[in-house]
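Enquirer: Data: work_8.pdb, PDB, C-alpha atoms and all ligand atoms.
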ATOM      1  CA  MET A   1      60.866  47.779  98.483
ATOM      2  CA  ALA A   2      58.654  50.296 100.206
ATOM      3  CA  LYS A   3      61.080  50.425 103.152
ATOM      4  CA  LYS A   4      64.025  51.224 100.875
ATOM      5  CA  LYS A   5      62.166  54.174  99.369
ATOM      6  CA  VAL A   6      61.532  55.688 102.802
ATOM      7  CA  GLN A   7      65.244  55.425 103.667
ATOM      8  CA  LYS A   8      66.174  57.224 100.443
ATOM      9  CA  LYS A   9      63.776  60.058 101.242
ATOM     10  CA  LYS A  10      65.317  60.485 104.711
ATOM     11  CA  ALA A  11      68.808  60.707 103.196
ATOM     12  CA  THR A  12      67.824  63.542 100.842
ATOM     13  CA  LYS A  13      66.277  65.420 103.740
ATOM     14  CA  ALA A  14      69.502  65.167 105.778
ATOM     15  CA  LYS A  15      71.567  66.406 102.843
ATOM     16  CA  LYS A  16      69.367  69.484 102.493
ATOM     17  CA  LYS A  17      70.057  70.468 106.096
ATOM     18  CA  SER A  18      73.708  71.431 105.415
ATOM     19  CA  SER A  19      73.464  73.127 102.043
ATOM     20  CA  PRO A  20      76.518  74.956 100.589
ATOM     21  CA  SER A  21      74.844  78.318 101.194
ATOM     22  CA  ASP A  22      74.766  77.636 104.947
ATOM     23  CA  ILE A  23      78.483  76.871 104.906
ATOM     24  CA  SER A  24      79.397  80.038 102.997
ATOM     25  CA  LEU A  25      77.310  82.080 105.449
ATOM     26  CA  SER A  26      79.265  80.797 108.434
ATOM     27  CA  LEU A  27      82.607  81.274 106.626
ATOM     28  CA  GLY A  28      81.759  84.878 105.758
ATOM     29  CA  ARG A  29      81.734  86.002 109.363
ATOM     30  CA  ASN A  30      85.454  86.457 110.063
ATOM     31  CA  VAL A  31      86.976  87.689 106.840
ATOM     32  CA  TRP A  32      89.257  90.322 108.413
ATOM     33  CA  PRO A  33      92.285  88.333 109.602
ATOM     34  CA  ALA A  34      93.985  91.025 111.664
ATOM     35  CA  GLU A  35      90.801  92.177 113.382
ATOM     36  CA  ARG A  36      90.088  90.897 116.850
ATOM     37  CA  ASP A  37      89.366  92.277 120.276
ATOM     38  CA  VAL A  38      92.308  93.164 122.480
ATOM     39  CA  LEU A  39      91.554  93.447 126.159
ATOM     40  CA  PHE A  40      93.955  95.930 127.736
ATOM     41  CA  ARG A  41      91.718  96.839 130.671
ATOM     42  CA  PRO A  42      88.042  96.083 131.082
ATOM     43  CA  ASP A  43      87.211  99.780 131.498
ATOM     44  CA  ARG A  44      88.817 100.473 128.105
ATOM     45  CA  LEU A  45      86.537  98.126 126.209
ATOM     46  CA  LYS A  46      84.539 101.010 124.723
ATOM     47  CA  TYR A  47      87.738 102.496 123.308
ATOM     48  CA  VAL A  48      88.791  99.170 121.801
ATOM     49  CA  ARG A  49      85.405  98.797 120.122
ATOM     50  CA  LYS A  50      85.844 102.245 118.546
ATOM     51  CA  LEU A  51      89.152 101.132 117.033
ATOM     52  CA  LEU A  52      87.347  98.441 115.082
ATOM     53  CA  LYS A  53      85.750 100.991 112.741
ATOM     54  CA  PRO A  54      88.509 102.561 110.639
ATOM     55  CA  GLU A  55      87.601 105.099 107.957
ATOM     56  CA  GLY A  56      89.638 105.198 104.756
ATOM     57  CA  CYS A  57      93.240 103.983 104.788
ATOM     58  CA  VAL A  58      94.482 104.305 108.372
ATOM     59  CA  PHE A  59      98.105 104.046 107.226
ATOM     60  CA  CYS A  60      97.751 106.911 104.721
ATOM     61  CA  ARG A  61      96.289 109.048 107.458
ATOM     62  CA  ALA A  62      99.238 108.168 109.718
ATOM     63  CA  ALA A  63     101.633 109.052 106.873
ATOM     64  CA  SER A  64     100.073 112.445 106.245
ATOM     65  CA  GLU A  65     100.332 113.749 109.821
ATOM     66  CA  PRO A  66     103.188 114.133 112.310
ATOM     67  CA  PRO A  67     103.565 111.055 114.584
ATOM     68  CA  SER A  68     100.860 110.967 117.268
ATOM     69  CA  PHE A  69      99.092 108.497 119.527
ATOM     70  CA  GLU A  70      95.924 109.284 117.588
ATOM     71  CA  THR A  71      97.325 107.620 114.435
ATOM     72  CA  LEU A  72      99.602 105.247 116.446
ATOM     73  CA  CYS A  73     102.572 106.351 114.340
ATOM     74  CA  VAL A  74     105.775 106.532 116.426
ATOM     75  CA  HIS A  75     108.346 107.451 113.793
ATOM     76  CA  GLN A  76     108.630 108.612 110.183
ATOM     77  CA  THR A  77     111.562 108.674 107.794
ATOM     78  CA  GLU A  78     111.562 110.141 104.261
ATOM     79  CA  HIS A  79     109.761 107.140 102.732
ATOM     80  CA  SER A  80     108.766 104.881 105.634
ATOM     81  CA  MET A  81     107.216 104.838 109.071
ATOM     82  CA  ILE A  82     106.604 102.759 112.202
ATOM     83  CA  VAL A  83     103.028 102.339 113.444
ATOM     84  CA  LEU A  84     101.799 100.374 116.450
ATOM     85  CA  ASN A  85      99.484  97.483 115.636
ATOM     86  CA  LYS A  86      96.029  98.247 117.050
ATOM     87  CA  PHE A  87      95.500  94.541 117.632
ATOM     88  CA  PRO A  88      98.856  93.419 119.049
ATOM     89  CA  TYR A  89      99.812  89.787 119.533
ATOM     90  CA  ASN A  90     102.360  90.890 122.116
ATOM     91  CA  SER A  91     103.551  94.114 123.711
ATOM     92  CA  GLY A  92     105.689  95.996 121.196
ATOM     93  CA  HIS A  93     103.970  94.557 118.100
ATOM     94  CA  LEU A  94     104.996  97.057 115.386
ATOM     95  CA  LEU A  95     104.163  97.603 111.738
ATOM     96  CA  ILE A  96     106.900  98.950 109.456
ATOM     97  CA  LEU A  97     105.600 100.286 106.173
ATOM     98  CA  PRO A  98     106.111 102.660 103.254
ATOM     99  CA  ARG A  99     104.450 106.071 103.592
ATOM    100  CA  ARG A 100     103.143 105.747 100.047
ATOM    101  CA  HIS A 101      99.845 103.844  99.554
ATOM    102  CA  VAL A 102     101.175 100.749  97.804
ATOM    103  CA  GLY A 103     100.293  97.094  98.268
ATOM    104  CA  ASP A 104     102.990  95.572  96.070
ATOM    105  CA  LEU A 105     106.553  95.266  97.308
ATOM    106  CA  LEU A 106     107.739  95.197  93.675
ATOM    107  CA  ALA A 107     106.180  98.622  93.074
ATOM    108  CA  LEU A 108     108.528 100.314  95.565
ATOM    109  CA  SER A 109     111.427 102.326  94.181
ATOM    110  CA  LYS A 110     114.965 101.288  95.189
ATOM    111  CA  GLU A 111     115.111 104.265  97.534
ATOM    112  CA  GLU A 112     111.795 103.396  99.178
ATOM    113  CA  TYR A 113     112.803  99.751  99.604
ATOM    114  CA  ALA A 114     116.212 100.637 101.050
ATOM    115  CA  ASP A 115     114.619 103.115 103.467
ATOM    116  CA  LEU A 116     112.009 100.541 104.522
ATOM    117  CA  SER A 117     114.598  97.817 105.039
ATOM    118  CA  GLU A 118     116.763 100.071 107.175
ATOM    119  CA  LEU A 119     113.752 101.088 109.268
ATOM    120  CA  ILE A 120     112.957  97.420 109.969
ATOM    121  CA  ARG A 121     116.407  97.079 111.498
ATOM    122  CA  GLU A 122     116.012 100.303 113.503
ATOM    123  CA  ALA A 123     112.679  99.071 114.858
ATOM    124  CA  MET A 124     114.259  95.714 115.762
ATOM    125  CA  SER A 125     116.989  97.552 117.612
ATOM    126  CA  ALA A 126     114.398  99.576 119.576
ATOM    127  CA  LEU A 127     112.435  96.453 120.531
ATOM    128  CA  GLN A 128     115.625  94.683 121.567
ATOM    129  CA  GLU A 129     116.539  97.592 123.817
ATOM    130  CA  PHE A 130     113.115  97.949 125.484
ATOM    131  CA  TYR A 131     111.737  94.439 125.659
ATOM    132  CA  GLN A 132     114.784  92.158 125.396
ATOM    133  CA  PRO A 133     112.729  89.451 123.697
ATOM    134  CA  GLY A 134     114.052  85.952 123.164
ATOM    135  CA  GLY A 135     113.292  86.347 119.439
ATOM    136  CA  MET A 136     111.163  88.306 116.972
ATOM    137  CA  ASN A 137     108.789  87.469 114.171
ATOM    138  CA  VAL A 138     109.613  89.656 111.164
ATOM    139  CA  GLY A 139     107.115  89.099 108.412
ATOM    140  CA  LEU A 140     105.084  90.388 105.508
ATOM    141  CA  ASN A 141     101.701  89.021 104.463
ATOM    142  CA  HIS A 142     101.792  90.059 100.812
ATOM    143  CA  GLY A 143      98.235  90.312  99.414
ATOM    144  CA  ALA A 144      94.812  89.437 100.817
ATOM    145  CA  ALA A 145      95.171  85.730  99.982
ATOM    146  CA  ALA A 146      98.333  85.648 102.112
ATOM    147  CA  GLY A 147      96.424  87.069 105.080
ATOM    148  CA  ALA A 148      97.190  90.804 104.857
ATOM    149  CA  GLY A 149      94.718  92.765 107.014
ATOM    150  CA  ILE A 150      95.064  95.906 104.848
ATOM    151  CA  PRO A 151      96.413  94.466 101.554
ATOM    152  CA  GLN A 152      96.269  97.821  99.715
ATOM    153  CA  HIS A 153      99.010  99.304 101.917
ATOM    154  CA  LEU A 154     101.797  96.832 102.571
ATOM    155  CA  HIS A 155     103.190  96.502 106.085
ATOM    156  CA  TYR A 156     105.773  94.318 107.762
ATOM    157  CA  HIS A 157     104.904  92.887 111.173
ATOM    158  CA  LEU A 158     107.540  92.953 113.874
ATOM    159  CA  ILE A 159     106.548  90.963 116.953
ATOM    160  CA  PRO A 160     108.747  90.463 120.013
ATOM    161  CA  ARG A 161     108.582  86.854 121.234
ATOM    162  CA  TRP A 162     109.432  85.138 124.477
ATOM    163  CA  ALA A 163     109.749  81.409 125.047
ATOM    164  CA  GLY A 164     106.352  80.113 126.171
ATOM    165  CA  ASP A 165     104.400  83.273 125.302
ATOM    166  CA  LEU A 166     101.803  81.316 123.338
ATOM    167  CA  ASN A 167      98.917  81.090 125.756
ATOM    168  CA  PHE A 168      95.571  79.419 125.259
ATOM    169  CA  PHE A 169      93.452  82.458 126.151
ATOM    170  CA  PRO A 170      93.051  83.761 122.549
ATOM    171  CA  LEU A 171      91.785  80.356 121.491
ATOM    172  CA  ILE A 172      88.990  80.206 124.017
ATOM    173  CA  ALA A 173      87.961  83.856 124.169
ATOM    174  CA  GLU A 174      89.206  85.303 120.843
ATOM    175  CA  THR A 175      90.819  87.928 123.031
ATOM    176  CA  LYS A 176      94.501  88.501 123.639
ATOM    177  CA  VAL A 177      95.711  89.846 126.959
ATOM    178  CA  VAL A 178      98.568  92.280 126.438
ATOM    179  CA  VAL A 179     100.515  93.384 129.504
ATOM    180  CA  GLU A 180     101.307  96.914 128.269
ATOM    181  CA  THR A 181      98.749  99.493 127.098
ATOM    182  CA  LEU A 182      99.095 101.004 123.616
ATOM    183  CA  GLU A 183      99.734 104.391 125.262
ATOM    184  CA  GLN A 184     102.707 102.989 127.189
ATOM    185  CA  THR A 185     104.154 101.349 124.084
ATOM    186  CA  TRP A 186     103.691 104.547 122.067
ATOM    187  CA  ASP A 187     105.324 106.729 124.760
ATOM    188  CA  ARG A 188     108.359 104.471 125.075
ATOM    189  CA  LEU A 189     109.034 104.149 121.363
ATOM    190  CA  ARG A 190     108.204 107.749 120.487
ATOM    191  CA  SER A 191     110.625 109.142 123.065
ATOM    192  CA  ARG A 192     113.353 106.793 121.838
ATOM    193  CA  PHE A 193     113.037 107.839 118.198
ATOM    194  CA  GLN A 194     112.721 111.513 119.123
ATOM    195  CA  GLY A 195     115.903 111.197 121.157
ATOM    196  CA  GLU A 196     117.636 109.527 118.252
ATOM    197  CA  ALA A 197     116.623 112.327 115.875
ATOM    198  CA  ARG A 198     118.126 114.863 118.275
ATOM    199  CA  ARG A 199     121.359 112.852 118.540
ATOM    200  CA  THR A 200     121.832 112.622 114.768
ATOM    201  CA  LYS A 201     121.134 116.321 114.090
TER     202      LYS A 201
HETATM  203 ZN    ZN A 301      97.293 103.765 102.462
END
Please re-express this file's structure in structure tokens.
Ligand SMILES: [Zn+2]

Expert:
Amino acid sequence: MAKKKVQKKKATKAKKKSSPSDISLSLGRNVWPAERDVLFRPDRLKYVRKLLKPEGCVFCRAASEPPSFETLCVHQTEHSMIVLNKFPYNSGHLLILPRRHVGDLLALSKEEYADLSELIREAMSALQEFYQPGGMNVGLNHGAAAGAGIPQHLHYHLIPRWAGDLNFFPLIAETKVVVETLEQTWDRLRSRFQGEARRTK
């Protein structure tokens, strides 16, 4: 009898070790799904760290100024714009989004939605021309529960893909190696859209 009691005591002690509060603490660490380090060049690490501290809505800021590398915006139409993803999965990872601060696709006017949809196709055409990918991921994480990094300002992801481009490095180091710098991507796409604007005028 006495032996049984001791065993029971040990069991309660073990249970206490992994209390629910410990579990929620460890889960709370990575709540920002789109945020992760991107190693372009080791000497740029300081710059990458700076990018991890956005102030206000970065997309609204990009919408309110002319396209620049500072805001990563490469092109603007009347209602929509193309912005480079600061944390790309691959070279040429773009975000296509409305200029208006809106997180709900159903809240867009017909004009805004049509403009946005057309810009997705224009961005696809630009990526096809520059990167000749084997395929592309075109997707929208609608709302925080669906994994949107900035759920208040909706944005489509456009990611060029090549067969076999899934490497194991992000899994072991939480860092993705991207072959092109953000500056190079911005320069290429900006000059293309500027050229297009000149052609259509
Ligand atoms: Zn916004």

Enquirer: Give as number ranges by chain the residues surrounding ligand ZN 301 (chain A) up to a distance of 12 Å, considering all atoms listed in the file.

Expert: A: 55-64, 80-81, 97-104, 150-155

Enquirer: Choose the residue, out of A:Glu78, A:Glu111, A:Leu189, A:Glu180, that has the smallest atom-to-atom separation from Ala123 in chain A; count all atoms listed in the file.

Expert: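 Result for the nearest residue to Ala123 in chain A: A:Leu189.
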
Enquirer: When the PyMOL selection byres (((chain A and resi 93) around 8) and not hetatm) is applied to the file above, which residues end up in the set, as a PyMOL selection string?

Expert: chain A and resi 84-85+88-92+94-95+157-160

Enquirer: Would you compute the distance between CA of Thr185 in chain A and CA of Leu105 in chain A? Give it in Å to one decimal.

Expert: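 Going from CA of Thr185 in chain A over to CA of Leu105 in chain A covers 27.6 Å.
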
Enquirer: Do you have the CA of Arg188 in chain A-CA of Ile82 in chain A distance handy?

Expert: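 If I compute the distance from CA of Arg188 in chain A to CA of Ile82 in chain A, I get 13.1 Å.
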
Enquirer: Select, from A:Phe87, A:Trp186, A:Phe193, A:Tyr156, the residue with the minimum atom-to-atom distance to Ile120 in chain A, counting all atoms listed in the file.

Expert: A:Tyr156

Enquirer: What's the separation between CA of Val179 in chain A and CA of Pro133 in chain A, in Å to one decimal place?

Expert: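 Separation of CA of Val179 in chain A and CA of Pro133 in chain A: 14.1 Å.
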
Enquirer: Might you pull out every residue within 10 Å of Glu65 in chain A, with all atoms listed in the file counted and same-chain residues fewer than 6 positions away left off, and present them as a list in words?

Expert: Thr71, Cys73 and Gln76 of chain A

Enquirer: What's the 10 Å shell around Ser191 in chain A, counting only C-alpha atoms, without same-chain residues fewer than 5 positions away, as a PyMOL selection string?

Expert: chain A and resi 74-75+186+196-197

Enquirer: For Trp162 in chain A, please output as a ChimeraX atom specification all residues within 7 Å (counting all atoms listed in the file; exclusion window: fewer than 3 positions along the same chain).

Expert: /A:133-135,165

Enquirer: Could the residues in this selection be saved with C-alpha atoms as a PDB file, in the frame of the given file?

Expert:
ATOM      1  CA  PRO A 133     112.729  89.451 123.697  1.00  0.00           C
ATOM      2  CA  GLY A 134     114.052  85.952 123.164  1.00  0.00           C
ATOM      3  CA  GLY A 135     113.292  86.347 119.439  1.00  0.00           C
ATOM      4  CA  ASP A 165     104.400  83.273 125.302  1.00  0.00           C
TER       5      ASP A 165
END
